[in-house]
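Enquirer: Structure: start.cif, mmCIF, C-alpha atoms.
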```
data_coords
#
loop_
_atom_site.label_atom_id
_atom_site.label_comp_id
_atom_site.auth_asym_id
_atom_site.auth_seq_id
_atom_site.Cartn_x
_atom_site.Cartn_y
_atom_site.Cartn_z
CA MET A 790 0.00 0.00 0.00
CA PHE A 791 2.77 2.42 0.88
CA ARG A 792 4.49 1.91 -2.51
CA ALA A 793 1.16 2.31 -4.32
CA ILE A 794 0.50 5.60 -2.56
CA LYS A 795 4.00 6.83 -3.42
CA ALA A 796 3.47 5.93 -7.09
CA LYS A 797 0.10 7.64 -7.04
CA HIS A 798 1.64 10.71 -5.46
CA ARG A 799 4.43 10.91 -8.04
CA ALA A 800 1.95 10.50 -10.94
CA ALA A 801 -0.27 13.26 -9.56
CA ARG A 802 2.70 15.57 -9.19
CA ARG A 803 3.78 14.93 -12.81
CA LEU A 804 0.30 15.77 -14.09
CA THR A 805 0.15 18.91 -11.99
CA LEU A 806 3.56 20.06 -13.19
CA ALA A 807 2.68 19.41 -16.83
CA ALA A 808 -0.67 21.22 -16.58
CA GLY A 809 0.78 24.24 -14.83
CA ALA A 810 4.15 24.51 -16.54
CA THR A 811 3.42 27.83 -18.21
CA THR A 812 2.03 29.41 -15.04
CA ALA A 813 4.96 28.11 -13.00
CA LEU A 814 7.46 29.64 -15.35
CA LEU A 815 5.73 33.00 -15.10
CA LEU A 816 5.57 33.00 -11.29
CA LEU A 817 8.79 31.18 -10.41
CA SER A 818 10.88 34.32 -10.08
CA ALA A 819 8.34 36.06 -7.82
CA VAL A 820 6.71 33.32 -5.68
CA PRO A 821 8.51 30.56 -3.72
CA ALA A 822 7.49 26.92 -4.16
CA ALA A 823 4.48 25.95 -2.03
CA ALA A 824 5.81 22.86 -0.28
CA HIS A 825 3.78 20.98 2.30
CA VAL A 826 3.28 17.62 4.04
CA GLU A 827 0.62 15.17 2.91
CA VAL A 828 -0.93 12.11 4.58
CA GLU A 829 -2.93 9.40 2.83
CA SER A 830 -4.40 5.99 3.65
CA ASP A 831 -6.32 3.28 1.82
CA ASN A 832 -8.40 2.66 4.96
CA ALA A 833 -9.19 6.16 6.21
CA GLN A 834 -12.27 5.24 8.25
CA ALA A 835 -13.21 6.06 11.83
CA LEU A 836 -12.52 3.21 14.28
CA ALA A 837 -10.64 1.22 11.63
CA GLU A 838 -7.87 -0.94 13.10
CA ASN A 839 -4.23 -1.45 12.08
CA VAL A 840 -4.34 1.35 9.55
CA GLU A 841 -1.26 2.25 7.51
CA LEU A 842 -0.69 5.98 7.00
CA ALA A 843 1.68 7.20 4.30
CA PHE A 844 3.31 10.62 4.71
CA VAL A 845 5.14 12.71 2.13
CA ALA A 846 7.13 15.75 3.29
CA GLU A 847 7.97 17.84 0.26
CA SER A 848 11.31 19.62 0.14
CA GLU A 849 11.51 23.37 -0.41
CA SER A 850 15.27 23.72 -0.01
CA ALA A 851 17.76 23.82 -2.86
CA THR A 852 20.77 23.57 -0.56
CA ALA A 853 19.89 21.11 2.24
CA GLY A 854 18.20 17.73 2.68
CA ILE A 855 15.47 16.77 5.13
CA THR A 856 16.83 15.07 8.27
CA GLU A 857 13.89 14.85 10.68
CA LEU A 858 10.11 14.93 10.90
CA ARG A 859 8.51 15.45 14.29
CA VAL A 860 4.78 14.72 14.47
CA VAL A 861 2.26 15.71 17.14
CA LEU A 862 -0.52 13.12 17.16
CA PRO A 863 -4.17 14.19 17.05
CA GLU A 864 -6.53 13.56 19.94
CA GLY A 865 -7.53 9.91 20.14
CA ILE A 866 -4.16 8.49 19.06
CA THR A 867 -1.36 7.96 21.58
CA PRO A 868 2.34 7.28 20.89
CA ALA A 869 1.81 3.70 22.11
CA ASP A 870 -0.72 3.19 19.29
CA VAL A 871 1.81 3.92 16.53
CA THR A 872 4.45 1.62 15.03
CA TYR A 873 6.95 2.39 12.28
CA GLY A 874 6.49 1.07 8.77
CA GLU A 875 9.24 2.18 6.38
CA GLY A 876 11.03 5.34 5.42
CA PRO A 877 14.27 6.84 4.06
CA LYS A 878 17.35 4.64 4.35
CA GLY A 879 18.93 4.83 7.80
CA TRP A 880 16.02 6.68 9.42
CA LYS A 881 14.81 5.63 12.87
CA PHE A 882 11.48 5.95 14.65
CA ALA A 883 11.14 7.13 18.27
CA ALA A 884 8.07 7.87 20.38
CA THR A 885 7.76 11.22 22.18
CA ASP A 886 5.41 12.46 24.90
CA ASP A 887 2.89 13.75 22.36
CA GLY A 888 3.74 11.88 19.18
CA TYR A 889 6.88 10.59 17.47
CA THR A 890 9.92 11.46 15.38
CA VAL A 891 11.43 9.85 12.30
CA LYS A 892 14.94 10.98 11.50
CA GLY A 893 18.28 9.97 10.09
CA PRO A 894 20.82 10.89 7.42
CA ALA A 895 19.74 13.77 5.21
CA VAL A 896 17.85 12.74 2.10
CA LYS A 897 19.22 14.05 -1.18
CA THR A 898 18.85 17.80 -1.55
CA GLY A 899 15.56 18.66 -3.20
CA GLU A 900 14.03 15.21 -2.64
CA ASP A 901 10.89 14.55 -0.60
CA ALA A 902 10.97 12.49 2.60
CA GLU A 903 8.44 9.65 2.47
CA TYR A 904 7.60 7.25 5.31
CA SER A 905 4.73 5.22 6.74
CA VAL A 906 3.38 4.26 10.17
CA VAL A 907 0.69 1.86 11.34
CA VAL A 908 -1.95 3.09 13.81
CA ARG A 909 -3.58 0.56 16.13
CA GLN A 910 -7.00 2.18 15.72
CA LEU A 911 -8.20 5.46 14.28
CA PRO A 912 -10.44 7.51 16.59
CA ASP A 913 -14.10 8.22 15.95
CA ALA A 914 -13.64 11.56 14.17
CA LYS A 915 -14.27 13.24 10.83
CA GLU A 916 -10.67 14.30 10.23
CA LEU A 917 -7.25 14.05 11.86
CA ALA A 918 -4.54 16.71 11.78
CA PHE A 919 -0.92 15.61 12.19
CA LYS A 920 1.08 18.73 13.08
CA THR A 921 4.60 18.32 11.69
CA LEU A 922 7.96 20.02 12.17
CA GLN A 923 10.26 19.41 9.19
CA THR A 924 13.99 19.88 9.84
CA TYR A 925 16.74 20.26 7.22
CA SER A 926 20.46 19.51 7.42
CA ASP A 927 21.24 23.23 7.64
CA GLY A 928 19.05 23.61 10.73
CA LYS A 929 16.09 25.23 8.99
CA ILE A 930 12.67 24.11 10.26
CA ASP A 931 9.37 24.20 8.36
CA ARG A 932 6.40 24.27 10.74
CA TRP A 933 3.36 22.57 9.24
CA ILE A 934 1.17 23.14 12.29
CA GLU A 935 -1.65 25.49 11.31
CA LEU A 936 -5.21 24.21 11.40
CA SER A 937 -7.65 25.39 8.74
CA GLU A 938 -10.97 26.78 9.96
CA SER A 939 -12.92 24.66 7.52
CA SER A 940 -12.47 21.34 5.76
CA GLY A 941 -12.14 23.26 2.52
CA GLY A 942 -8.64 24.28 3.47
CA GLY A 943 -6.96 27.64 3.75
CA HIS A 944 -3.59 29.30 3.34
CA GLY A 945 -0.32 29.10 5.23
CA ASN A 946 1.70 26.31 6.78
CA GLU A 947 -1.21 23.96 7.34
CA ALA A 948 -0.80 20.62 9.08
CA PRO A 949 -1.44 17.49 7.00
CA VAL A 950 -5.05 16.37 7.47
CA LEU A 951 -6.55 12.92 6.94
CA GLU A 952 -10.30 12.92 6.27
CA LEU A 953 -12.13 9.89 7.64
CA LYS A 954 -15.23 8.07 6.47
CA ALA A 955 -17.89 7.26 9.05
CA ALA A 956 -17.25 4.22 11.21
CA ALA A 957 -18.47 0.86 9.97
CA PRO A 958 -21.69 -0.45 11.59
CA GLY A 959 -20.88 -2.17 14.86
CA ALA A 960 -17.34 -0.80 15.07
CA LYS A 961 -16.24 -0.12 18.64
CA PRO A 962 -13.15 1.38 20.30
CA VAL A 963 -10.60 -1.24 21.27
CA SER A 964 -9.22 -1.47 24.78
CA PRO A 965 -6.32 0.87 25.64
CA SER A 966 -2.78 -0.21 24.84
CA PRO A 967 -0.99 -1.98 27.75
CA SER A 968 1.35 0.97 28.23
CA GLU A 969 -1.66 3.30 28.58
CA SER A 970 -3.55 1.18 31.13
CA GLU A 971 -0.55 0.50 33.31
CA SER A 972 -0.09 3.31 35.80
CA PRO A 973 1.96 3.35 39.03
CA SER A 974 -0.87 5.15 40.84
CA ALA A 975 -3.31 2.41 39.88
CA SER A 976 -1.16 -0.38 41.34
CA PRO A 977 -1.64 -1.32 45.01
CA THR A 978 1.26 -0.83 47.38
CA PRO A 979 3.22 -4.13 47.48
CA THR A 980 3.36 -6.03 50.77
CA ALA A 981 6.45 -7.58 52.32
CA GLU A 982 5.37 -11.01 51.04
CA GLU A 983 4.90 -9.73 47.46
CA THR A 984 8.28 -8.04 47.32
CA ASP A 985 10.09 -10.83 49.25
CA ILE A 986 11.42 -8.30 51.78
CA SER A 987 11.74 -9.44 55.43
CA PRO A 988 10.45 -7.07 58.11
CA SER A 989 13.00 -5.14 60.19
CA PRO A 990 14.01 -6.39 63.70
CA GLN A 991 12.00 -3.55 65.27
CA ALA A 992 8.94 -4.57 63.29
CA ALA A 993 9.44 -8.19 64.29
CA ASP A 994 9.55 -7.21 67.98
CA THR A 995 6.34 -5.25 67.58
CA GLU A 996 4.61 -8.17 65.88
CA LYS A 997 5.56 -10.53 68.73
CA GLY A 998 4.21 -8.09 71.31
CA ASP A 999 0.92 -7.86 69.41
CA ASP A 1000 0.59 -11.67 69.48
CA GLY A 1001 0.54 -11.70 73.33
CA GLY A 1002 4.17 -12.90 73.83
CA LEU A 1003 7.13 -10.94 75.26
CA SER A 1004 9.37 -9.14 72.86
CA ALA A 1005 13.15 -9.45 72.93
CA GLY A 1006 13.33 -5.96 74.45
CA ALA A 1007 11.04 -6.96 77.31
CA TRP A 1008 13.10 -10.08 78.11
CA THR A 1009 16.27 -7.99 78.11
CA GLY A 1010 14.74 -5.62 80.67
CA ILE A 1011 13.64 -8.48 82.96
CA ILE A 1012 17.05 -10.13 82.91
CA ALA A 1013 18.74 -6.80 83.67
CA ALA A 1014 16.43 -6.24 86.67
CA ILE A 1015 17.18 -9.75 88.04
CA LEU A 1016 20.91 -9.15 87.78
CA VAL A 1017 20.58 -5.84 89.64
CA VAL A 1018 18.60 -7.47 92.46
CA ALA A 1019 21.10 -10.36 92.72
CA ALA A 1020 24.01 -7.92 92.91
CA ALA A 1021 22.25 -5.99 95.67
CA VAL A 1022 21.66 -9.18 97.69
CA VAL A 1023 25.32 -10.20 97.37
CA PHE A 1024 26.42 -6.73 98.45
CA ILE A 1025 24.19 -6.79 101.56
CA VAL A 1026 25.30 -10.31 102.59
CA ARG A 1027 28.95 -9.39 102.27
CA ARG A 1028 28.46 -6.19 104.27
CA ARG A 1029 26.76 -8.03 107.14
CA GLY A 1030 29.55 -10.62 107.20
CA SER A 1031 32.16 -7.90 107.49
CA ALA A 1032 30.24 -6.23 110.37
CA GLN A 1033 30.02 -9.48 112.37
CA GLN A 1034 33.76 -9.99 112.13
#
```
Once you've parsed the file, please lay out its structure as structure tokens.

Expert:
Amino acid sequence: MFRAIKAKHRAARRLTLAAGATTALLLLSAVPAAAHVEVESDNAQALAENVELAFVAESESATAGITELRVVLPEGITPADVTYGEGPKGWKFAATDDGYTVKGPAVKTGEDAEYSVVVRQLPDAKELAFKTLQTYSDGKIDRWIELSESSGGGHGNEAPVLELKAAAPGAKPVSPSPSESESPSASPTPTAEETDISPSPQAADTEKGDDGGLSAGAWTGIIAAILVVAAAVVFIVRRRGSAQQ
């Protein structure tokens, strides 16, 4: 699917260039090229599962190649829901707090950066905007983050938008990804038995006292008191013996 979308994209661009060649030649010296980022899918339907999205980031630099694309995911899709498909040679995928990045060696100057991802499930929405920051090897950044006020589009650095068909009858949201449902605050505090940690000596003494027996501290006190009494008795006996002599 990804290769088919790329071929379709290239064919559409060739037709557009051929149809507007005369106009382009007239405006080239006065107006810069209108580059942008596009997103397409063969299964763009609300609540569809395991959907492949193909992105094309067009280059607008004549001196530097694209090195990184940072995407902010729309509401309803989390970083844990996205896996990498394919992209430029040597590029790597990494999740972020609000989306993901794909980056690597700069693509050839003037060439577009094309890659794909697979989304676990698309949300129940009419359209999805994928705000994108496009970085070049010279440090320049194109910010495709603007949202149009209507589905008809607008002007400026607009984010790539994927329009969705209505959900299929009976389609339902899947359960959250494991990484989403697991939360430290939701887990009960582990007990000593669960963590295989023995209680401290002080805690052990306290537990014995609670069971009705005498703790080690109590026994130590009793023995000390007996020794004191015995020493006193010996002292008195010896003193009386000395007095009688």

Enquirer: Would you kindly return, as an MDAnalysis selection string, each protein, DNA or RNA residue with an atom no farther than 9 Å from any atom of Asp901 (chain A), considering all atoms listed in the file and excluding same-chain residues fewer than 3 positions away?

Expert: chainID A and resid 845:849 854:855 896:898

Enquirer: Using the chain letters and residue numbers of this document, give as a list in words the residues selected by the PyMOL selection byres ((chain A and resi 875-885) around 8).

Expert: Pro868, Ala869, Tyr873, Gly874, Asp886, Asp887, Gly888, Tyr889, Thr890, Val891, Lys892, Gly893, Pro894, Val896, Ala902, Glu903, Tyr904, Ser905 and Val906 of chain A

Enquirer: With C-alpha atoms retained, could you export that selection as an mmCIF file, keeping the file's coordinate frame?

Expert:
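Now in result_14.cif:
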```cif
data_model
loop_
_atom_site.group_PDB
_atom_site.id
_atom_site.type_symbol
_atom_site.label_atom_id
_atom_site.label_comp_id
_atom_site.auth_asym_id
_atom_site.auth_seq_id
_atom_site.Cartn_x
_atom_site.Cartn_y
_atom_site.Cartn_z
ATOM 1 C CA PRO A 868 2.340 7.280 20.890
ATOM 2 C CA ALA A 869 1.810 3.700 22.110
ATOM 3 C CA TYR A 873 6.950 2.390 12.280
ATOM 4 C CA GLY A 874 6.490 1.070 8.770
ATOM 5 C CA ASP A 886 5.410 12.460 24.900
ATOM 6 C CA ASP A 887 2.890 13.750 22.360
ATOM 7 C CA GLY A 888 3.740 11.880 19.180
ATOM 8 C CA TYR A 889 6.880 10.590 17.470
ATOM 9 C CA THR A 890 9.920 11.460 15.380
ATOM 10 C CA VAL A 891 11.430 9.850 12.300
ATOM 11 C CA LYS A 892 14.940 10.980 11.500
ATOM 12 C CA GLY A 893 18.280 9.970 10.090
ATOM 13 C CA PRO A 894 20.820 10.890 7.420
ATOM 14 C CA VAL A 896 17.850 12.740 2.100
ATOM 15 C CA ALA A 902 10.970 12.490 2.600
ATOM 16 C CA GLU A 903 8.440 9.650 2.470
ATOM 17 C CA TYR A 904 7.600 7.250 5.310
ATOM 18 C CA SER A 905 4.730 5.220 6.740
ATOM 19 C CA VAL A 906 3.380 4.260 10.170
#
```

Enquirer: Figure out the distance between CA of Asp831 (chain A) and CA of Glu857 (chain A), please, to one decimal in Å.

Expert: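 Here the two named atoms are 24.9 Å from each other.
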
Enquirer: Could you work out how far CA of Asp931 (chain A) lies from CA of Asn946 (chain A), giving the answer in Å with one decimal?

Expert: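 Between CA of Asn946 (chain A) and CA of Asp931 (chain A) the gap is 8.1 Å.
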
Enquirer: Between CA of Gly899 (chain A) and CA of Ala918 (chain A), what is the distance in Å, rounded to a tenth?

Expert: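 These two atoms are separated by 25.1 Å.
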
Enquirer: Compile the contact shell of Ala955 (chain A) as a list in words: residues with an atom at most 8 Å away, counting all atoms listed in the file, same-chain residues fewer than 6 positions apart removed.

Expert: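 Near Ala955 (chain A), the qualifying residues are Gln834, Ala835, Asp913, Ala914 and Lys915 of chain A.
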
Enquirer: Quick one: 5 Å padding each side, axis-aligned, all listed atoms of region 903-912 of chain A - centre and edge lengths in Å to one decimal, as JSON?

Expert:
```
{"center_x": -1.0, "center_y": 5.1, "center_z": 9.5, "size_x": 28.9, "size_y": 19.1, "size_z": 24.1}
```

Enquirer: Looking at all atoms listed in the file, which of A:Phe844, A:Leu836, A:Thr924, A:Ser937 is the one that sits closest to Pro912 (chain A)?

Expert: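 Ranking A:Phe844, A:Leu836, A:Thr924, A:Ser937 by distance to Pro912 (chain A), first place goes to A:Leu836.
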
Enquirer: Pick out the closest residue to Glu916 (chain A) from this set: A:Ile934, A:Leu951, A:Ser830, A:Glu864. Count all atoms listed in the file.

Expert: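 Looking only at the distances to Glu916 (chain A), the closest residue turns out to be A:Leu951.
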